[in-house]
file structure-v9.cif (mmCIF, C-alpha atoms)
data_query
loop_
_atom_site.group_PDB
_atom_site.id
_atom_site.type_symbol
_atom_site.label_atom_id
_atom_site.label_comp_id
_atom_site.auth_asym_id
_atom_site.auth_seq_id
_atom_site.Cartn_x
_atom_site.Cartn_y
_atom_site.Cartn_z
ATOM 1 C CA LEU B 1 49.954 -12.202 -6.523
ATOM 2 C CA LEU B 2 51.765 -14.981 -8.381
ATOM 3 C CA ASP B 3 49.797 -17.892 -9.848
ATOM 4 C CA SER B 4 46.385 -16.436 -9.116
ATOM 5 C CA ARG B 5 43.690 -16.899 -11.733
ATOM 6 C CA ALA B 6 41.547 -14.026 -12.964
ATOM 7 C CA SER B 7 38.571 -14.507 -15.240
ATOM 8 C CA PHE B 8 35.383 -12.996 -16.602
ATOM 9 C CA TRP B 9 32.190 -15.031 -16.473
ATOM 10 C CA THR B 10 32.347 -15.804 -20.202
ATOM 11 C CA GLY B 11 33.037 -19.521 -20.276
ATOM 12 C CA THR B 12 36.714 -18.875 -21.047
ATOM 13 C CA SER B 13 39.561 -20.383 -19.055
ATOM 14 C CA GLY B 14 40.665 -17.002 -17.755
ATOM 15 C CA ALA B 15 44.252 -15.993 -17.207
ATOM 16 C CA VAL B 16 47.079 -16.631 -14.753
ATOM 17 C CA THR B 17 49.000 -13.767 -13.182
ATOM 18 C CA ASP B 18 52.688 -13.303 -13.885
ATOM 19 C CA ASP B 19 55.583 -12.602 -11.475
ATOM 20 C CA ASN B 20 54.274 -9.066 -10.951
ATOM 21 C CA GLY B 21 50.719 -10.182 -10.207
ATOM 22 C CA GLU B 22 49.534 -8.822 -13.549
ATOM 23 C CA TYR B 23 47.029 -10.538 -15.842
ATOM 24 C CA GLN B 24 45.507 -10.013 -19.269
ATOM 25 C CA LEU B 25 42.202 -11.260 -20.686
ATOM 26 C CA VAL B 26 41.792 -10.885 -24.429
ATOM 27 C CA GLY B 27 38.844 -11.318 -26.781
ATOM 28 C CA VAL B 28 36.248 -10.109 -24.292
ATOM 29 C CA ARG B 29 32.975 -9.119 -25.939
ATOM 30 C CA ALA B 30 31.091 -5.897 -25.251
ATOM 31 C CA GLY B 31 29.024 -5.901 -22.062
ATOM 32 C CA GLU B 32 29.215 -5.554 -18.293
ATOM 33 C CA TYR B 33 31.254 -8.066 -16.352
ATOM 34 C CA GLY B 34 32.472 -8.984 -12.915
ATOM 35 C CA VAL B 35 36.122 -9.967 -12.510
ATOM 36 C CA VAL B 36 36.896 -12.915 -10.246
ATOM 37 C CA ALA B 37 40.343 -13.765 -8.910
ATOM 38 C CA ALA B 38 41.294 -16.843 -6.897
ATOM 39 C CA ALA B 39 44.485 -18.484 -5.656
ATOM 40 C CA PRO B 40 45.365 -21.342 -3.291
ATOM 41 C CA GLY B 41 45.065 -20.215 0.327
ATOM 42 C CA TYR B 42 42.984 -17.172 -0.632
ATOM 43 C CA ALA B 43 39.259 -16.593 -0.825
ATOM 44 C CA PRO B 44 37.858 -15.775 -4.290
ATOM 45 C CA SER B 45 37.201 -12.083 -4.841
ATOM 46 C CA ASP B 46 33.710 -10.627 -4.974
ATOM 47 C CA PRO B 47 32.590 -10.295 -8.627
ATOM 48 C CA GLN B 48 30.102 -7.602 -7.670
ATOM 49 C CA ALA B 49 32.876 -5.432 -6.241
ATOM 50 C CA ASP B 50 35.128 -5.544 -9.321
ATOM 51 C CA ARG B 51 32.883 -4.559 -12.234
ATOM 52 C CA VAL B 52 33.875 -3.436 -15.705
ATOM 53 C CA THR B 53 32.030 -2.405 -18.880
ATOM 54 C CA MET B 54 33.524 -3.272 -22.259
ATOM 55 C CA ASP B 55 32.563 -0.978 -25.148
ATOM 56 C CA GLU B 56 31.294 -2.081 -28.554
ATOM 57 C CA VAL B 57 34.297 -0.437 -30.185
ATOM 58 C CA GLY B 58 36.745 -2.511 -28.157
ATOM 59 C CA GLY B 59 39.637 -1.090 -26.213
ATOM 60 C CA THR B 60 41.394 -1.914 -22.975
ATOM 61 C CA GLN B 61 40.075 -1.627 -19.429
ATOM 62 C CA THR B 62 42.164 -1.920 -16.280
ATOM 63 C CA VAL B 63 40.725 -3.668 -13.234
ATOM 64 C CA ASP B 64 42.890 -4.222 -10.160
ATOM 65 C CA VAL B 65 41.588 -6.962 -7.883
ATOM 66 C CA SER B 66 42.405 -7.621 -4.227
ATOM 67 C CA ILE B 67 41.950 -11.005 -2.581
ATOM 68 C CA SER B 68 42.321 -11.824 1.106
ATOM 69 C CA ALA B 69 43.557 -14.820 3.029
ATOM 70 C CA ALA B 70 40.911 -17.533 3.217
ATOM 71 C CA GLY B 71 38.982 -18.010 6.424
ATOM 72 C CA MET B 72 37.273 -21.132 7.736
ATOM 73 C CA VAL B 73 33.886 -21.886 9.291
ATOM 74 C CA LYS B 74 33.233 -25.157 11.066
ATOM 75 C CA GLY B 75 30.699 -26.616 13.470
ATOM 76 C CA THR B 76 28.192 -29.351 14.238
ATOM 77 C CA ILE B 77 24.600 -29.816 13.094
ATOM 78 C CA LYS B 78 22.298 -31.618 15.547
ATOM 79 C CA ASP B 79 18.590 -32.294 15.836
ATOM 80 C CA ALA B 80 16.298 -31.266 18.693
ATOM 81 C CA GLU B 81 17.313 -34.390 20.660
ATOM 82 C CA GLY B 82 21.007 -33.568 20.346
ATOM 83 C CA GLU B 83 21.729 -36.287 17.800
ATOM 84 C CA PRO B 84 23.997 -35.496 14.826
ATOM 85 C CA VAL B 85 22.274 -34.814 11.516
ATOM 86 C CA VAL B 86 24.154 -36.641 8.757
ATOM 87 C CA GLY B 87 24.314 -35.671 5.100
ATOM 88 C CA VAL B 88 23.175 -32.076 5.459
ATOM 89 C CA ARG B 89 24.335 -29.566 2.843
ATOM 90 C CA VAL B 90 25.981 -26.625 4.619
ATOM 91 C CA ARG B 91 27.048 -23.356 3.015
ATOM 92 C CA VAL B 92 27.722 -19.732 3.824
ATOM 93 C CA ALA B 93 25.575 -16.987 2.333
ATOM 94 C CA GLN B 94 25.480 -13.221 2.373
ATOM 95 C CA ARG B 95 22.656 -11.885 4.510
ATOM 96 C CA ALA B 96 21.166 -10.054 1.502
ATOM 97 C CA GLU B 97 20.915 -13.354 -0.385
ATOM 98 C CA VAL B 98 19.077 -15.007 2.491
ATOM 99 C CA GLN B 99 16.584 -12.151 2.728
ATOM 100 C CA GLU B 100 16.029 -11.523 -0.973
ATOM 101 C CA GLY B 101 17.064 -14.510 -3.015
ATOM 102 C CA THR B 102 15.017 -17.561 -3.945
ATOM 103 C CA ASN B 103 17.386 -19.600 -1.764
ATOM 104 C CA GLY B 104 16.780 -17.326 1.141
ATOM 105 C CA ARG B 105 13.522 -16.335 2.693
ATOM 106 C CA ARG B 106 11.760 -19.396 4.064
ATOM 107 C CA GLY B 107 8.704 -20.223 2.094
ATOM 108 C CA GLY B 108 9.013 -17.205 -0.162
ATOM 109 C CA ARG B 109 10.594 -16.153 -3.368
ATOM 110 C CA GLY B 110 11.317 -12.453 -3.073
ATOM 111 C CA ARG B 111 13.138 -10.586 -5.790
ATOM 112 C CA GLY B 112 16.679 -11.887 -5.710
ATOM 113 C CA PRO B 113 19.809 -11.125 -7.703
ATOM 114 C CA SER B 114 19.824 -11.600 -11.462
ATOM 115 C CA MET B 115 20.763 -14.974 -12.932
ATOM 116 C CA THR B 116 24.083 -13.554 -14.109
ATOM 117 C CA MET B 117 24.969 -12.340 -10.623
ATOM 118 C CA ARG B 118 23.950 -15.670 -9.110
ATOM 119 C CA MET B 119 26.306 -17.376 -11.551
ATOM 120 C CA LEU B 120 29.059 -14.966 -10.590
ATOM 121 C CA GLU B 121 28.371 -15.530 -6.888
ATOM 122 C CA SER B 122 28.656 -19.276 -7.466
ATOM 123 C CA THR B 123 32.378 -18.755 -8.042
ATOM 124 C CA ARG B 124 32.610 -17.829 -4.348
ATOM 125 C CA ALA B 125 30.363 -20.656 -3.160
ATOM 126 C CA VAL B 126 31.765 -22.750 -0.323
ATOM 127 C CA VAL B 127 29.758 -25.901 0.380
ATOM 128 C CA ALA B 128 30.253 -28.958 2.605
ATOM 129 C CA MET B 129 28.264 -31.975 3.776
ATOM 130 C CA THR B 130 27.997 -33.059 7.396
ATOM 131 C CA ASP B 131 29.756 -36.311 8.258
ATOM 132 C CA THR B 132 28.604 -39.188 10.485
ATOM 133 C CA LYS B 133 29.187 -36.993 13.549
ATOM 134 C CA GLY B 134 27.207 -34.095 12.103
ATOM 135 C CA THR B 135 30.315 -31.946 11.731
ATOM 136 C CA TYR B 136 31.199 -29.775 8.760
ATOM 137 C CA THR B 137 34.120 -27.608 7.650
ATOM 138 C CA LEU B 138 33.876 -24.760 5.152
ATOM 139 C CA LYS B 139 37.275 -23.695 3.839
ATOM 140 C CA GLY B 140 38.137 -20.759 1.623
ATOM 141 C CA VAL B 141 35.542 -18.390 3.071
ATOM 142 C CA GLY B 142 36.233 -14.731 2.349
ATOM 143 C CA ALA B 143 36.113 -11.837 4.772
ATOM 144 C CA GLY B 144 32.648 -10.375 5.249
ATOM 145 C CA ARG B 145 29.348 -10.719 7.042
ATOM 146 C CA TRP B 146 27.832 -14.180 6.616
ATOM 147 C CA VAL B 147 25.207 -16.631 7.792
ATOM 148 C CA VAL B 148 25.571 -20.421 7.792
ATOM 149 C CA VAL B 149 22.740 -22.241 6.015
ATOM 150 C CA ALA B 150 21.977 -25.950 6.538
ATOM 151 C CA GLU B 151 19.513 -27.682 4.225
ATOM 152 C CA GLY B 152 18.610 -30.744 2.208
ATOM 153 C CA ASP B 153 18.851 -33.855 4.376
ATOM 154 C CA GLU B 154 16.916 -37.067 3.735
ATOM 155 C CA GLY B 155 14.914 -36.914 6.972
ATOM 156 C CA GLY B 156 12.739 -33.909 6.175
ATOM 157 C CA MET B 157 14.572 -31.433 8.388
ATOM 158 C CA VAL B 158 13.683 -27.758 8.010
ATOM 159 C CA ARG B 159 16.191 -25.476 6.337
ATOM 160 C CA THR B 160 18.025 -23.623 9.124
ATOM 161 C CA GLU B 161 20.284 -20.586 9.206
ATOM 162 C CA SER B 162 22.565 -19.065 11.845
ATOM 163 C CA GLU B 163 22.628 -15.550 13.177
ATOM 164 C CA PRO B 164 24.780 -13.215 11.060
ATOM 165 C CA PHE B 165 28.464 -13.132 11.974
ATOM 166 C CA LYS B 166 31.529 -11.268 10.781
ATOM 167 C CA LEU B 167 34.560 -13.144 9.511
ATOM 168 C CA SER B 168 37.893 -11.369 9.052
ATOM 169 C CA ALA B 169 40.562 -12.450 6.573
ATOM 170 C CA GLY B 170 42.250 -15.684 7.653
ATOM 171 C CA GLU B 171 40.024 -16.114 10.720
ATOM 172 C CA SER B 172 38.241 -19.263 11.882
ATOM 173 C CA GLU B 173 34.706 -19.287 13.293
ATOM 174 C CA GLU B 174 32.743 -22.118 14.930
ATOM 175 C CA ILE B 175 28.986 -22.147 14.260
ATOM 176 C CA ASP B 176 26.732 -24.928 15.598
ATOM 177 C CA LEU B 177 23.132 -25.290 14.444
ATOM 178 C CA THR B 178 20.073 -27.194 15.625
ATOM 179 C CA MET B 179 17.670 -28.420 12.961
ATOM 180 C CA VAL B 180 14.058 -29.342 13.651
ATOM 181 C CA ALA B 181 11.961 -31.922 11.877
ATOM 182 C CA GLY B 182 9.736 -30.425 9.225
ATOM 183 C CA GLY B 183 6.003 -30.887 9.118
ATOM 184 C CA ALA B 184 4.131 -32.649 6.333
ATOM 185 C CA LEU B 185 1.073 -31.562 4.416
ATOM 186 C CA SER B 186 -1.027 -34.052 2.483
ATOM 187 C CA GLY B 187 -4.315 -33.670 0.695
ATOM 188 C CA ARG B 188 -6.510 -34.571 -2.241
ATOM 189 C CA VAL B 189 -7.576 -32.408 -5.161
ATOM 190 C CA VAL B 190 -11.145 -33.024 -6.341
ATOM 191 C CA ASP B 191 -13.696 -31.292 -8.553
ATOM 192 C CA GLU B 192 -17.184 -30.083 -7.579
ATOM 193 C CA ARG B 193 -18.507 -33.652 -7.919
ATOM 194 C CA GLY B 194 -15.816 -35.073 -5.666
ATOM 195 C CA GLN B 195 -13.922 -36.692 -8.541
ATOM 196 C CA PRO B 196 -10.083 -36.698 -8.285
ATOM 197 C CA ILE B 197 -8.091 -34.270 -10.429
ATOM 198 C CA SER B 198 -4.831 -35.743 -11.641
ATOM 199 C CA GLY B 199 -1.860 -33.536 -12.492
ATOM 200 C CA ALA B 200 -2.953 -30.514 -10.458
ATOM 201 C CA ARG B 201 -0.060 -28.182 -9.599
ATOM 202 C CA VAL B 202 0.388 -27.607 -5.859
ATOM 203 C CA ARG B 203 2.658 -25.013 -4.261
ATOM 204 C CA VAL B 204 3.098 -24.077 -0.615
ATOM 205 C CA GLY B 205 4.660 -21.255 1.382
ATOM 206 C CA GLN B 206 4.638 -19.544 4.738
ATOM 207 C CA ILE B 207 2.723 -16.404 5.690
ATOM 208 C CA ASP B 208 2.622 -14.510 8.956
ATOM 209 C CA PRO B 209 -0.458 -14.765 11.222
ATOM 210 C CA GLN B 210 -1.570 -11.247 10.293
ATOM 211 C CA GLN B 211 -1.765 -12.173 6.607
ATOM 212 C CA ALA B 212 -3.719 -15.298 7.511
ATOM 213 C CA ARG B 213 -6.331 -13.177 9.313
ATOM 214 C CA GLN B 214 -6.744 -10.575 6.584
ATOM 215 C CA VAL B 215 -10.155 -10.550 4.940
ATOM 216 C CA TYR B 216 -8.542 -10.042 1.536
ATOM 217 C CA LEU B 217 -5.075 -11.112 0.424
ATOM 218 C CA SER B 218 -4.262 -10.405 -3.215
ATOM 219 C CA GLY B 219 -3.067 -13.213 -5.445
ATOM 220 C CA TRP B 220 0.080 -11.206 -6.127
ATOM 221 C CA ARG B 221 0.985 -11.051 -2.420
ATOM 222 C CA ALA B 222 0.061 -14.671 -1.916
ATOM 223 C CA ASP B 223 2.225 -15.799 -4.825
ATOM 224 C CA ARG B 224 5.229 -13.932 -3.381
ATOM 225 C CA ALA B 225 5.011 -16.127 -0.278
ATOM 226 C CA LEU B 226 5.043 -19.384 -2.247
ATOM 227 C CA ASP B 227 8.081 -21.595 -2.630
ATOM 228 C CA PRO B 228 8.982 -22.133 -6.313
ATOM 229 C CA LYS B 229 8.923 -25.918 -6.019
ATOM 230 C CA ILE B 230 5.853 -27.513 -7.626
ATOM 231 C CA TYR B 231 4.153 -30.722 -6.472
ATOM 232 C CA THR B 232 1.711 -32.654 -8.658
ATOM 233 C CA SER B 233 -1.376 -34.626 -7.633
ATOM 234 C CA ASP B 234 -1.423 -38.307 -8.608
ATOM 235 C CA SER B 235 -4.133 -40.294 -10.396
ATOM 236 C CA ASP B 236 -6.217 -40.295 -7.195
ATOM 237 C CA GLY B 237 -5.773 -36.534 -6.793
ATOM 238 C CA LYS B 238 -3.473 -37.016 -3.801
ATOM 239 C CA PHE B 239 -0.361 -34.989 -2.986
ATOM 240 C CA ARG B 240 2.099 -34.782 -0.123
ATOM 241 C CA VAL B 241 4.652 -32.106 0.822
ATOM 242 C CA GLU B 242 7.323 -32.786 3.460
ATOM 243 C CA GLY B 243 9.988 -30.770 5.249
ATOM 244 C CA LEU B 244 7.784 -27.733 5.877
ATOM 245 C CA SER B 245 8.764 -25.083 8.406
ATOM 246 C CA PRO B 246 6.405 -24.844 11.392
ATOM 247 C CA GLY B 247 3.931 -21.984 11.137
ATOM 248 C CA THR B 248 0.983 -20.736 9.132
ATOM 249 C CA THR B 249 1.043 -22.327 5.694
ATOM 250 C CA LEU B 250 -0.439 -21.139 2.412
ATOM 251 C CA VAL B 251 -1.445 -23.602 -0.315
ATOM 252 C CA LYS B 252 -2.130 -22.807 -3.957
ATOM 253 C CA VAL B 253 -3.673 -25.374 -6.321
ATOM 254 C CA GLU B 254 -3.949 -24.946 -10.092
ATOM 255 C CA ALA B 255 -5.399 -27.257 -12.726
ATOM 256 C CA LYS B 256 -6.266 -26.743 -16.379
ATOM 257 C CA GLU B 257 -9.852 -25.537 -16.918
ATOM 258 C CA TYR B 258 -10.399 -25.069 -13.163
ATOM 259 C CA VAL B 259 -10.434 -21.959 -10.986
ATOM 260 C CA THR B 260 -7.217 -21.444 -8.996
ATOM 261 C CA PHE B 261 -7.645 -22.357 -5.324
ATOM 262 C CA TYR B 262 -5.891 -20.786 -2.314
ATOM 263 C CA LYS B 263 -6.035 -21.873 1.326
ATOM 264 C CA ARG B 264 -4.171 -19.852 3.935
ATOM 265 C CA ASN B 265 -5.264 -20.907 7.422
ATOM 266 C CA LEU B 266 -3.281 -24.141 7.740
ATOM 267 C CA ARG B 267 -1.043 -24.632 10.761
ATOM 268 C CA VAL B 268 2.008 -26.861 10.334
ATOM 269 C CA GLN B 269 3.768 -28.205 13.422
ATOM 270 C CA ALA B 270 7.295 -29.593 13.664
ATOM 271 C CA GLY B 271 7.123 -33.301 12.889
ATOM 272 C CA GLY B 272 3.349 -33.088 12.408
ATOM 273 C CA ASN B 273 1.145 -34.103 9.497
#

call {"tool": "encode", "arguments": {"input": "structure-v9.cif", "output": "structure tokens"}}
result
Amino acid sequence: LLDSRASFWTGTSGAVTDDNGEYQLVGVRAGEYGVVAAAPGYAPSDPQADRVTMDEVGGTQTVDVSISAAGMVKGTIKDAEGEPVVGVRVRVAQRAEVQEGTNGRRGGRGRGPSMTMRMLESTRAVVAMTDTKGTYTLKGVGAGRWVVVAEGDEGGMVRTESEPFKLSAGESEEIDLTMVAGGALSGRVVDERGQPISGARVRVGQIDPQQARQVYLSGWRADRALDPKIYTSDSDGKFRVEGLSPGTTLVKVEAKEYVTFYKRNLRVQAGGN
């Protein structure tokens, strides 16, 4: 493929293919790499599919890479009343990322891909923002099985994802989503005398009803359900968390020289406080 660009994730500028579609990357250090190729009108290749290990003693490795015609995903994001949601960040994600990655499972961390692989995957990232009509267009999407993820508006909407769908090379798919208003959780952190604790670290996450009813839930399991984002209590001990998904919510509070506190029987409703 003429004028495609192939690169390792090394911070180098990569290489451009010649008239025969051949490329050469020189000065690559020892280690394991993913090779990424991209060209106008084509979707970037999958760095996890084209892996290579470079030896300490040097040498030459041959990696042939295939890229397919870019597909497109478009649609409209609306709220529960049918009004367009403006300024939402929309992207496509592999189903495995949604289930396992920190960007995926709602209210939970899970054990996602390594930082290196997330960096490699970012070379394939396709992101768009909804316009004033709530519409979005994602161009350059590769063939595969995807979900559409909408997140990050200013109105506290809950992160939403589509059902999985298959996109073939060069195809176009229309995916519409409905986002619901997130709930809010506010509270006050105090000591045994009722005095406010400033600077307490607050984290929240979702658990299923069965976990909420369990007599004992280990700290390890509870921590796996928590979102990585940390909120801090103010000088009056107050905190507020917005944009929470409806459901049973777990709260963890930590403060220096105090016993860690968990609460797991809170119910958050859409748009509620």

call {"tool": "resolve_selection", "arguments": {"input": "structure-v9.cif", "expression": "the PyMOL selection byres ((chain B and resi 145) around 10)", "output": "VMD selection string"}}
result
chain B and resid 92 to 96 142 to 144 146 to 147 164 to 168

call {"tool": "atom_distance", "arguments": {"input": "structure-v9.cif", "atom1": "atom CA of Val241 of chain B", "atom2": "atom CA of Ser186 of chain B"}}
result
6.2 Å

call {"tool": "closest_atom_pairs", "arguments": {"input": "structure-v9.cif", "of": "segment 170-206 of chain B", "to": "segment 130-137 of chain B", "cutoff": "12 Å", "atoms": "only C-alpha atoms", "output": "Markdown table"}}
result
| residue | atom | partner | partner_atom | distance |
| --- | --- | --- | --- | --- |
| B:Ser172 | CA | B:Thr137 | CA | 10.2 |
| B:Glu173 | CA | B:Thr137 | CA | 10.1 |
| B:Glu174 | CA | B:Thr137 | CA | 9.2 |
| B:Ile175 | CA | B:Tyr136 | CA | 9.7 |
| B:Asp176 | CA | B:Thr135 | CA | 8.8 |
| B:Leu177 | CA | B:Gly134 | CA | 10.0 |
| B:Thr178 | CA | B:Gly134 | CA | 10.5 |
| B:Met179 | CA | B:Gly134 | CA | 11.1 |

call {"tool": "closest_residue", "arguments": {"input": "structure-v9.cif", "among": "B:Gly82, B:Gly152, B:Gly41, B:Gly237", "to": "Gly194 of chain B", "atoms": "only C-alpha atoms"}}
result
B:Gly237

call {"tool": "resolve_selection", "arguments": {"input": "structure-v9.cif", "expression": "the PyMOL selection byres ((chain B and resi 55) around 10)", "output": "list in words"}}
result
Val28, Arg29, Ala30, Gly31, Glu32, Val52, Thr53, Met54, Glu56, Val57, Gly58, Gly59, Thr60 and Gln61 of chain B

call {"tool": "resolve_selection", "arguments": {"input": "structure-v9.cif", "expression": "the PyMOL selection byres ((chain B and resi 202-218) around 10)", "output": "PDB file with C-alpha atoms, in the coordinates of the input"}}
result
ATOM      1  CA  ARG B 105      13.522 -16.335   2.693  1.00  0.00           C
ATOM      2  CA  ARG B 106      11.760 -19.396   4.064  1.00  0.00           C
ATOM      3  CA  GLY B 107       8.704 -20.223   2.094  1.00  0.00           C
ATOM      4  CA  GLY B 108       9.013 -17.205  -0.162  1.00  0.00           C
ATOM      5  CA  ARG B 109      10.594 -16.153  -3.368  1.00  0.00           C
ATOM      6  CA  LEU B 185       1.073 -31.562   4.416  1.00  0.00           C
ATOM      7  CA  VAL B 189      -7.576 -32.408  -5.161  1.00  0.00           C
ATOM      8  CA  GLY B 199      -1.860 -33.536 -12.492  1.00  0.00           C
ATOM      9  CA  ALA B 200      -2.953 -30.514 -10.458  1.00  0.00           C
ATOM     10  CA  ARG B 201      -0.060 -28.182  -9.599  1.00  0.00           C
ATOM     11  CA  GLY B 219      -3.067 -13.213  -5.445  1.00  0.00           C
ATOM     12  CA  TRP B 220       0.080 -11.206  -6.127  1.00  0.00           C
ATOM     13  CA  ARG B 221       0.985 -11.051  -2.420  1.00  0.00           C
ATOM     14  CA  ALA B 222       0.061 -14.671  -1.916  1.00  0.00           C
ATOM     15  CA  ASP B 223       2.225 -15.799  -4.825  1.00  0.00           C
ATOM     16  CA  ARG B 224       5.229 -13.932  -3.381  1.00  0.00           C
ATOM     17  CA  ALA B 225       5.011 -16.127  -0.278  1.00  0.00           C
ATOM     18  CA  LEU B 226       5.043 -19.384  -2.247  1.00  0.00           C
ATOM     19  CA  ASP B 227       8.081 -21.595  -2.630  1.00  0.00           C
ATOM     20  CA  PRO B 228       8.982 -22.133  -6.313  1.00  0.00           C
ATOM     21  CA  LYS B 229       8.923 -25.918  -6.019  1.00  0.00           C
ATOM     22  CA  ILE B 230       5.853 -27.513  -7.626  1.00  0.00           C
ATOM     23  CA  TYR B 231       4.153 -30.722  -6.472  1.00  0.00           C
ATOM     24  CA  THR B 232       1.711 -32.654  -8.658  1.00  0.00           C
ATOM     25  CA  SER B 233      -1.376 -34.626  -7.633  1.00  0.00           C
ATOM     26  CA  PHE B 239      -0.361 -34.989  -2.986  1.00  0.00           C
ATOM     27  CA  ARG B 240       2.099 -34.782  -0.123  1.00  0.00           C
ATOM     28  CA  VAL B 241       4.652 -32.106   0.822  1.00  0.00           C
ATOM     29  CA  LEU B 244       7.784 -27.733   5.877  1.00  0.00           C
ATOM     30  CA  SER B 245       8.764 -25.083   8.406  1.00  0.00           C
ATOM     31  CA  PRO B 246       6.405 -24.844  11.392  1.00  0.00           C
ATOM     32  CA  GLY B 247       3.931 -21.984  11.137  1.00  0.00           C
ATOM     33  CA  THR B 248       0.983 -20.736   9.132  1.00  0.00           C
ATOM     34  CA  THR B 249       1.043 -22.327   5.694  1.00  0.00           C
ATOM     35  CA  LEU B 250      -0.439 -21.139   2.412  1.00  0.00           C
ATOM     36  CA  VAL B 251      -1.445 -23.602  -0.315  1.00  0.00           C
ATOM     37  CA  LYS B 252      -2.130 -22.807  -3.957  1.00  0.00           C
ATOM     38  CA  VAL B 253      -3.673 -25.374  -6.321  1.00  0.00           C
ATOM     39  CA  GLU B 254      -3.949 -24.946 -10.092  1.00  0.00           C
ATOM     40  CA  ALA B 255      -5.399 -27.257 -12.726  1.00  0.00           C
ATOM     41  CA  PHE B 261      -7.645 -22.357  -5.324  1.00  0.00           C
ATOM     42  CA  TYR B 262      -5.891 -20.786  -2.314  1.00  0.00           C
ATOM     43  CA  LYS B 263      -6.035 -21.873   1.326  1.00  0.00           C
ATOM     44  CA  ARG B 264      -4.171 -19.852   3.935  1.00  0.00           C
ATOM     45  CA  ASN B 265      -5.264 -20.907   7.422  1.00  0.00           C
ATOM     46  CA  LEU B 266      -3.281 -24.141   7.740  1.00  0.00           C
ATOM     47  CA  ARG B 267      -1.043 -24.632  10.761  1.00  0.00           C
ATOM     48  CA  VAL B 268       2.008 -26.861  10.334  1.00  0.00           C
TER      49      VAL B 268
END

call {"tool": "residues_around", "arguments": {"input": "structure-v9.cif", "residues": "Ala270 of chain B", "least_positions_apart": "2", "cutoff": "7 Å", "atoms": "only C-alpha atoms", "output": "list in words"}}
result
Val180, Ala181, Gly182, Gly183, Pro246, Val268 and Gly272 of chain B

call {"tool": "atom_distance", "arguments": {"input": "structure-v9.cif", "atom1": "atom CA of Pro47 of chain B", "atom2": "atom CA of Val63 of chain B"}}
result
11.5 Å

call {"tool": "decode", "arguments": {"input": "structure-v9.cif", "residues": "segment 196-208 of chain B", "atoms": "N, CA and C atoms", "output": "PDB file, in the first residue's frame"}}
result
ATOM      1  N   PRO B 196     -16.377  18.134  61.675  1.00  0.00           N
ATOM      2  CA  PRO B 196     -16.094  17.858  60.247  1.00  0.00           C
ATOM      3  C   PRO B 196     -14.655  17.435  60.028  1.00  0.00           C
ATOM      4  N   ILE B 197     -14.470  16.530  59.064  1.00  0.00           N
ATOM      5  CA  ILE B 197     -13.134  16.081  58.656  1.00  0.00           C
ATOM      6  C   ILE B 197     -12.880  16.621  57.256  1.00  0.00           C
ATOM      7  N   SER B 198     -11.920  17.499  57.158  1.00  0.00           N
ATOM      8  CA  SER B 198     -11.567  18.087  55.865  1.00  0.00           C
ATOM      9  C   SER B 198     -10.543  17.212  55.150  1.00  0.00           C
ATOM     10  N   GLY B 199     -10.661  17.128  53.836  1.00  0.00           N
ATOM     11  CA  GLY B 199      -9.676  16.399  53.037  1.00  0.00           C
ATOM     12  C   GLY B 199      -9.850  14.898  53.032  1.00  0.00           C
ATOM     13  N   ALA B 200     -10.993  14.407  53.503  1.00  0.00           N
ATOM     14  CA  ALA B 200     -11.254  12.962  53.435  1.00  0.00           C
ATOM     15  C   ALA B 200     -11.410  12.543  51.977  1.00  0.00           C
ATOM     16  N   ARG B 201     -10.918  11.362  51.652  1.00  0.00           N
ATOM     17  CA  ARG B 201     -10.989  10.836  50.280  1.00  0.00           C
ATOM     18  C   ARG B 201     -12.244   9.983  50.133  1.00  0.00           C
ATOM     19  N   VAL B 202     -13.078  10.340  49.159  1.00  0.00           N
ATOM     20  CA  VAL B 202     -14.354   9.650  48.942  1.00  0.00           C
ATOM     21  C   VAL B 202     -14.365   9.028  47.551  1.00  0.00           C
ATOM     22  N   ARG B 203     -14.715   7.763  47.488  1.00  0.00           N
ATOM     23  CA  ARG B 203     -14.879   7.070  46.204  1.00  0.00           C
ATOM     24  C   ARG B 203     -16.219   6.349  46.197  1.00  0.00           C
ATOM     25  N   VAL B 204     -16.787   6.215  45.004  1.00  0.00           N
ATOM     26  CA  VAL B 204     -18.084   5.547  44.873  1.00  0.00           C
ATOM     27  C   VAL B 204     -18.030   4.516  43.760  1.00  0.00           C
ATOM     28  N   GLY B 205     -18.991   3.605  43.763  1.00  0.00           N
ATOM     29  CA  GLY B 205     -19.096   2.595  42.716  1.00  0.00           C
ATOM     30  C   GLY B 205     -20.436   1.898  42.823  1.00  0.00           C
ATOM     31  N   GLN B 206     -20.712   1.061  41.864  1.00  0.00           N
ATOM     32  CA  GLN B 206     -21.969   0.318  41.852  1.00  0.00           C
ATOM     33  C   GLN B 206     -21.736  -1.137  42.223  1.00  0.00           C
ATOM     34  N   ILE B 207     -22.667  -1.709  42.979  1.00  0.00           N
ATOM     35  CA  ILE B 207     -22.666  -3.129  43.290  1.00  0.00           C
ATOM     36  C   ILE B 207     -24.046  -3.681  42.985  1.00  0.00           C
ATOM     37  N   ASP B 208     -24.132  -4.983  42.787  1.00  0.00           N
ATOM     38  CA  ASP B 208     -25.433  -5.579  42.512  1.00  0.00           C
ATOM     39  C   ASP B 208     -26.188  -5.780  43.826  1.00  0.00           C
TER      40      ASP B 208
END
